[in-house]
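K.L.:
Here it is, the structure in full.
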Amino acid sequence: MTKDQSVERLTAVLQKIAAAEEVREGNPGPVTLVAVSKTFDAEAIRPVIAAGCRVFGENKVQEAQEKWPALKAEFPDIELRLLGPLQSNKTKDAVALFDVIESVDREKIAAEISREIARQGRSPRLYVQVNTGREPQKAGIDPDEAIAFVERCRDVHGLTIEGLMCIPPAGEDPAPHFELLAALADKAGLARRSMGMSGDYEKAVIYGATSVRVGSAIFGARTYA
């Protein structure tokens with residue numbers, strides 16, 4: 001994909017988000033577009049930055065470390081989000097680099113993040129990832145345990161949880177999963193819902209997403225995961 005194509009695709013995605021915002025019920029506020037730049041190098045990302053995008057997502061800490069420190073130094077207003085599972089041995093690096101961690105999903109990680117926040121004096125905003133499809137191979141906490149886990153993050157680990165995140169099962173209608181996440185967020189008193197990707201972000205907006213994570217619809221097909 002050429003630089004011009006990525007910018008054209010970014011514009012189209014923003015237009016579709018705006019159209020979906022017009023028809024959704026309620027007023028959750030404007031939707032944040034998270035441009036998922038995993039597997040793409042800095043030169044592929046730069047045109048999207050130049051076009052005005054300032055929120056980006058990565059799946060792996062190590063990959064993000066290779067390209068984002070220099071980009072963030074050049075563009076200090078960029079917000080970087082960790083979307084993929086966080087391994088405990090990467091927690092120190094994740095807290096140091098990311099502005100938002102969307103994949104808090106177990107007690108050990110919550111404890112590690114709390115310790116690193118205390119050590120570094122840096123507090124990334126946090127989301128709890130919910131495994132709405134209860135898929136054994138997928139990260140995320142069980143929906144039945146999500147609200148209690150949010151409370152433990154607050155009360156036991158002293159963490160401020162901003163919202164919930166989910167990745168619906170591939171091949172299923174995502175709408176019930178979006179509805180479930182929105183309901184859990186409401187019960188937990190959380191205003192932010194990160195849901196929707198390239199194939200379903202418009203539907204996610206309609207069901208109350210406050211941020212959507214869009215990669216291939218902006219950057220094109222990836223050559224590896």
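Residue numbering restarts at 1 for every chain of the structure tokens, chains are lettered A, B, ... in their displayed order, and ligands are numbered from 1 as they appear.
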Give me, as a list in words, all polymer residues having an atom no more than 7 Å from segment 78-85 of chain A, counting only C-alpha atoms and skipping those fewer than 2 positions away in the same chain.
P.N.:
Arg54, Val55, Phe56, Gly57, Glu58, Asn59, Lys60, Lys72, Phe75, Pro76, Gln87, Phe98, Asp99, Val100, Ile101, Glu102, Ser103 and Ala139 of chain A
K.L.:
For segment 39-51 of chain A, please output as number ranges by chain all residues within 10 Å (counting only C-alpha atoms; exclusion window: fewer than 4 positions along the same chain).
P.N.:
A: 1-11, 35, 55-56, 58-60, 63-64, 66-68, 70-71, 75, 78, 215, 218-220, 222-225
K.L.:
Print the selection's residues with N, CA and C atoms to a file, as a short mmCIF file (atom, residue, chain, number, x, y, z; two decimals), in the first residue's frame.
P.N.:
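In the end it all went to selection.cif:
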```cif
data_model
loop_
_atom_site.label_atom_id
_atom_site.label_comp_id
_atom_site.auth_asym_id
_atom_site.auth_seq_id
_atom_site.Cartn_x
_atom_site.Cartn_y
_atom_site.Cartn_z
N MET A 1 0.84 -1.20 0.00
CA MET A 1 0.00 0.00 0.00
C MET A 1 0.87 1.25 0.00
N THR A 2 0.52 2.22 -0.81
CA THR A 2 1.27 3.46 -0.86
C THR A 2 0.86 4.39 0.28
N LYS A 3 1.68 5.42 0.48
CA LYS A 3 1.37 6.40 1.52
C LYS A 3 0.02 7.04 1.26
N ASP A 4 -0.24 7.39 0.01
CA ASP A 4 -1.51 8.03 -0.32
C ASP A 4 -2.69 7.10 -0.02
N GLN A 5 -2.52 5.81 -0.27
CA GLN A 5 -3.61 4.86 -0.02
C GLN A 5 -3.92 4.78 1.47
N SER A 6 -2.91 4.77 2.31
CA SER A 6 -3.18 4.69 3.74
C SER A 6 -3.91 5.93 4.23
N VAL A 7 -3.57 7.08 3.70
CA VAL A 7 -4.25 8.31 4.10
C VAL A 7 -5.69 8.32 3.59
N GLU A 8 -5.89 7.85 2.38
CA GLU A 8 -7.26 7.75 1.85
C GLU A 8 -8.10 6.80 2.69
N ARG A 9 -7.49 5.69 3.07
CA ARG A 9 -8.23 4.72 3.89
C ARG A 9 -8.53 5.29 5.27
N LEU A 10 -7.59 6.02 5.84
CA LEU A 10 -7.82 6.67 7.13
C LEU A 10 -9.01 7.61 7.03
N THR A 11 -9.06 8.42 5.98
CA THR A 11 -10.16 9.35 5.79
C THR A 11 -11.49 8.61 5.69
N ALA A 35 -5.38 3.58 15.57
CA ALA A 35 -4.79 3.01 14.35
C ALA A 35 -3.82 1.91 14.76
N VAL A 55 -3.51 8.52 17.81
CA VAL A 55 -3.66 7.39 18.73
C VAL A 55 -3.37 6.10 17.96
N PHE A 56 -2.39 5.34 18.46
CA PHE A 56 -1.94 4.14 17.78
C PHE A 56 -1.91 2.96 18.75
N GLU A 58 -0.43 -1.15 19.42
CA GLU A 58 0.50 -2.22 19.12
C GLU A 58 0.15 -3.45 19.94
N ASN A 59 0.51 -4.63 19.42
CA ASN A 59 0.19 -5.87 20.12
C ASN A 59 1.32 -6.41 20.96
N LYS A 60 2.57 -6.06 20.60
CA LYS A 60 3.71 -6.65 21.28
C LYS A 60 4.63 -5.55 21.80
N GLU A 63 8.10 -5.25 19.82
CA GLU A 63 7.97 -4.60 18.52
C GLU A 63 7.78 -3.10 18.68
N ALA A 64 6.96 -2.72 19.64
CA ALA A 64 6.72 -1.29 19.88
C ALA A 64 7.99 -0.58 20.31
N GLU A 66 10.89 -1.09 19.31
CA GLU A 66 11.80 -0.92 18.19
C GLU A 66 11.49 0.31 17.34
N LYS A 67 10.24 0.78 17.37
CA LYS A 67 9.89 1.87 16.46
C LYS A 67 9.27 3.09 17.14
N TRP A 68 8.65 2.92 18.31
CA TRP A 68 7.87 4.03 18.85
C TRP A 68 8.64 5.04 19.69
N ALA A 70 11.39 6.62 19.13
CA ALA A 70 11.83 7.71 18.24
C ALA A 70 10.64 8.49 17.70
N LEU A 71 9.57 7.78 17.33
CA LEU A 71 8.39 8.48 16.81
C LEU A 71 7.74 9.35 17.89
N PHE A 75 7.01 13.19 17.82
CA PHE A 75 5.60 13.62 17.91
C PHE A 75 5.11 13.36 19.34
N ILE A 78 1.52 12.03 20.60
CA ILE A 78 0.97 10.72 20.24
C ILE A 78 0.64 9.92 21.49
N GLY A 215 -6.81 -1.57 12.02
CA GLY A 215 -5.48 -1.73 11.45
C GLY A 215 -5.49 -1.90 9.95
N ILE A 218 -6.81 0.57 7.45
CA ILE A 218 -6.01 1.76 7.23
C ILE A 218 -4.69 1.42 6.54
N PHE A 219 -3.98 0.47 7.09
CA PHE A 219 -2.61 0.18 6.63
C PHE A 219 -2.55 -0.88 5.53
N GLY A 220 -3.64 -1.63 5.33
CA GLY A 220 -3.61 -2.70 4.36
C GLY A 220 -3.33 -4.05 4.99
N ARG A 222 -1.62 -7.40 6.32
CA ARG A 222 -0.35 -7.66 6.96
C ARG A 222 0.30 -8.93 6.37
N THR A 223 1.61 -8.95 6.42
CA THR A 223 2.32 -10.12 5.92
C THR A 223 2.54 -11.15 7.01
N TYR A 224 2.38 -10.74 8.29
CA TYR A 224 2.48 -11.69 9.40
C TYR A 224 1.69 -11.13 10.56
N ALA A 225 1.37 -11.99 11.54
CA ALA A 225 0.51 -11.58 12.65
C ALA A 225 1.27 -10.78 13.70
#
```
K.L.:
Work out how far apart atom CA of Ala170 of chain A and atom CA of Val95 of chain A are and give it in Å to one decimal.
P.N.:
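Straight-line distance from atom CA of Ala170 of chain A to atom CA of Val95 of chain A works out to 29.5 Å.
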K.L.:
Rank A:Glu179, A:Glu21, A:Glu135, A:Glu112 by their smallest atom-to-atom distance to Cys153 of chain A, using only C-alpha atoms, and report the top residue only.
P.N.:
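Ranked by minimum distance to Cys153 of chain A, first place goes to A:Glu112.
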K.L.:
Just the helix (DSSP H, G or I) stuff from segment 17-210 of chain A, please, per backbone DSSP, written as an MDAnalysis selection string.
P.N.:
chainID A and resid 17:23 42:50 61:74 88:97 107:120 143:155 175:188 201:206
K.L.:
Using atom CA of Thr132 of chain A and atom CA of Arg115 of chain A as the two end points, give the distance in Å to one decimal.
P.N.:
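Atom CA of Arg115 of chain A lies 28.0 Å from atom CA of Thr132 of chain A.
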K.L.:
Find the residue from A:Gly52, A:Glu25, A:Pro169, A:Arg119 that sits nearest to Pro136 of chain A; use only C-alpha atoms when measuring.
P.N.:
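For Pro136 of chain A, the nearest of the candidates is A:Pro169.
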K.L.:
Give me the residues near Arg24 of chain A as JSON, numbers by chain, where near means some atom within 10 Å (using only C-alpha atoms) and where sequence neighbours in that chain fewer than 5 positions away do not count.
P.N.:
{"A": [19, 202, 203, 204, 205, 206, 207, 208, 209]}
K.L.:
Selection from above, C-alpha atoms, as a PDB file, in the first residue's frame, can you write it?
P.N.:
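Printed below is out01.pdb as written:
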```
ATOM      1  CA  ALA A  19     -21.771   8.202  10.121  1.00  0.00           C
ATOM      2  CA  GLU A 202     -19.066   0.582  12.508  1.00  0.00           C
ATOM      3  CA  LYS A 203     -21.304  -1.865  14.349  1.00  0.00           C
ATOM      4  CA  ALA A 204     -19.204  -1.383  17.489  1.00  0.00           C
ATOM      5  CA  VAL A 205     -19.790   2.368  17.350  1.00  0.00           C
ATOM      6  CA  ILE A 206     -23.530   1.818  17.072  1.00  0.00           C
ATOM      7  CA  TYR A 207     -23.410  -0.448  20.150  1.00  0.00           C
ATOM      8  CA  GLY A 208     -21.595   2.124  22.258  1.00  0.00           C
ATOM      9  CA  ALA A 209     -17.869   1.844  21.606  1.00  0.00           C
TER      10      ALA A 209
END
```
K.L.:
Write down as a PyMOL selection string the residues of segment 110-174 of chain A whose backbone DSSP state falls under strand (DSSP E).
P.N.:
chain A and resi 125-130+161-166
K.L.:
Work out how far atom CA of Ser194 of chain A is from atom CA of Val150 of chain A, in Å to one decimal.
P.N.:
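Value for the atom CA of Val150 of chain A-atom CA of Ser194 of chain A distance: 15.3 Å.
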K.L.:
For Phe149 of chain A, find every residue with an atom within 10 Å (counting only C-alpha atoms), except residues of its own chain fewer than 5 positions away, and show them as a PyMOL selection string.
P.N.:
chain A and resi 104-107+110+128+141-144+154-156+188
K.L.:
The selected residues should be written to file as a compact mmCIF listing (two decimals), in the first residue's frame (atoms: N, CA and C atoms).
P.N.:
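Below is the file selection10.txt, written as the result:
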```txt
# COMPACT_ATOMS: atom_id res chain seq x y z
N VAL A 104 -5.31 -5.75 30.60
CA VAL A 104 -5.23 -6.22 31.99
C VAL A 104 -6.29 -7.32 32.15
N ASP A 105 -5.84 -8.53 32.49
CA ASP A 105 -6.80 -9.63 32.47
C ASP A 105 -6.59 -10.69 33.55
N ARG A 106 -5.65 -10.45 34.47
CA ARG A 106 -5.45 -11.44 35.53
C ARG A 106 -4.74 -10.78 36.71
N GLU A 107 -4.86 -11.46 37.84
CA GLU A 107 -4.37 -10.90 39.10
C GLU A 107 -2.88 -10.60 39.05
N ALA A 110 -2.14 -7.43 37.15
CA ALA A 110 -2.59 -6.25 37.92
C ALA A 110 -1.58 -5.91 39.00
N VAL A 128 -9.56 -3.33 31.41
CA VAL A 128 -9.64 -4.78 31.65
C VAL A 128 -10.17 -5.45 30.39
N ILE A 141 -10.51 -11.88 30.84
CA ILE A 141 -11.17 -12.47 32.00
C ILE A 141 -12.58 -12.90 31.64
N ASP A 142 -13.07 -13.93 32.30
CA ASP A 142 -14.42 -14.42 32.06
C ASP A 142 -15.43 -13.32 32.39
N PRO A 143 -16.48 -13.17 31.57
CA PRO A 143 -17.47 -12.11 31.84
C PRO A 143 -18.07 -12.18 33.24
N ASP A 144 -18.27 -13.40 33.75
CA ASP A 144 -18.86 -13.55 35.08
C ASP A 144 -17.94 -13.05 36.19
N ARG A 154 -9.03 -2.12 41.72
CA ARG A 154 -9.14 -0.85 42.43
C ARG A 154 -8.74 -1.00 43.90
N ASP A 155 -9.38 -1.96 44.58
CA ASP A 155 -9.30 -2.03 46.03
C ASP A 155 -8.04 -2.73 46.53
N VAL A 156 -7.60 -3.76 45.81
CA VAL A 156 -6.43 -4.54 46.25
C VAL A 156 -5.14 -3.96 45.69
N ALA A 188 -19.99 -1.87 36.12
CA ALA A 188 -18.74 -1.58 36.83
C ALA A 188 -18.51 -0.08 37.00
```
K.L.:
Determine, counting only C-alpha atoms, which protein, DNA and RNA residues have an atom within 6 Å of an atom of Met195 of chain A; residues of the same chain fewer than 2 positions away are not included. Present the result as JSON, numbers by chain.
P.N.:
{"A": [165, 166, 209, 212]}
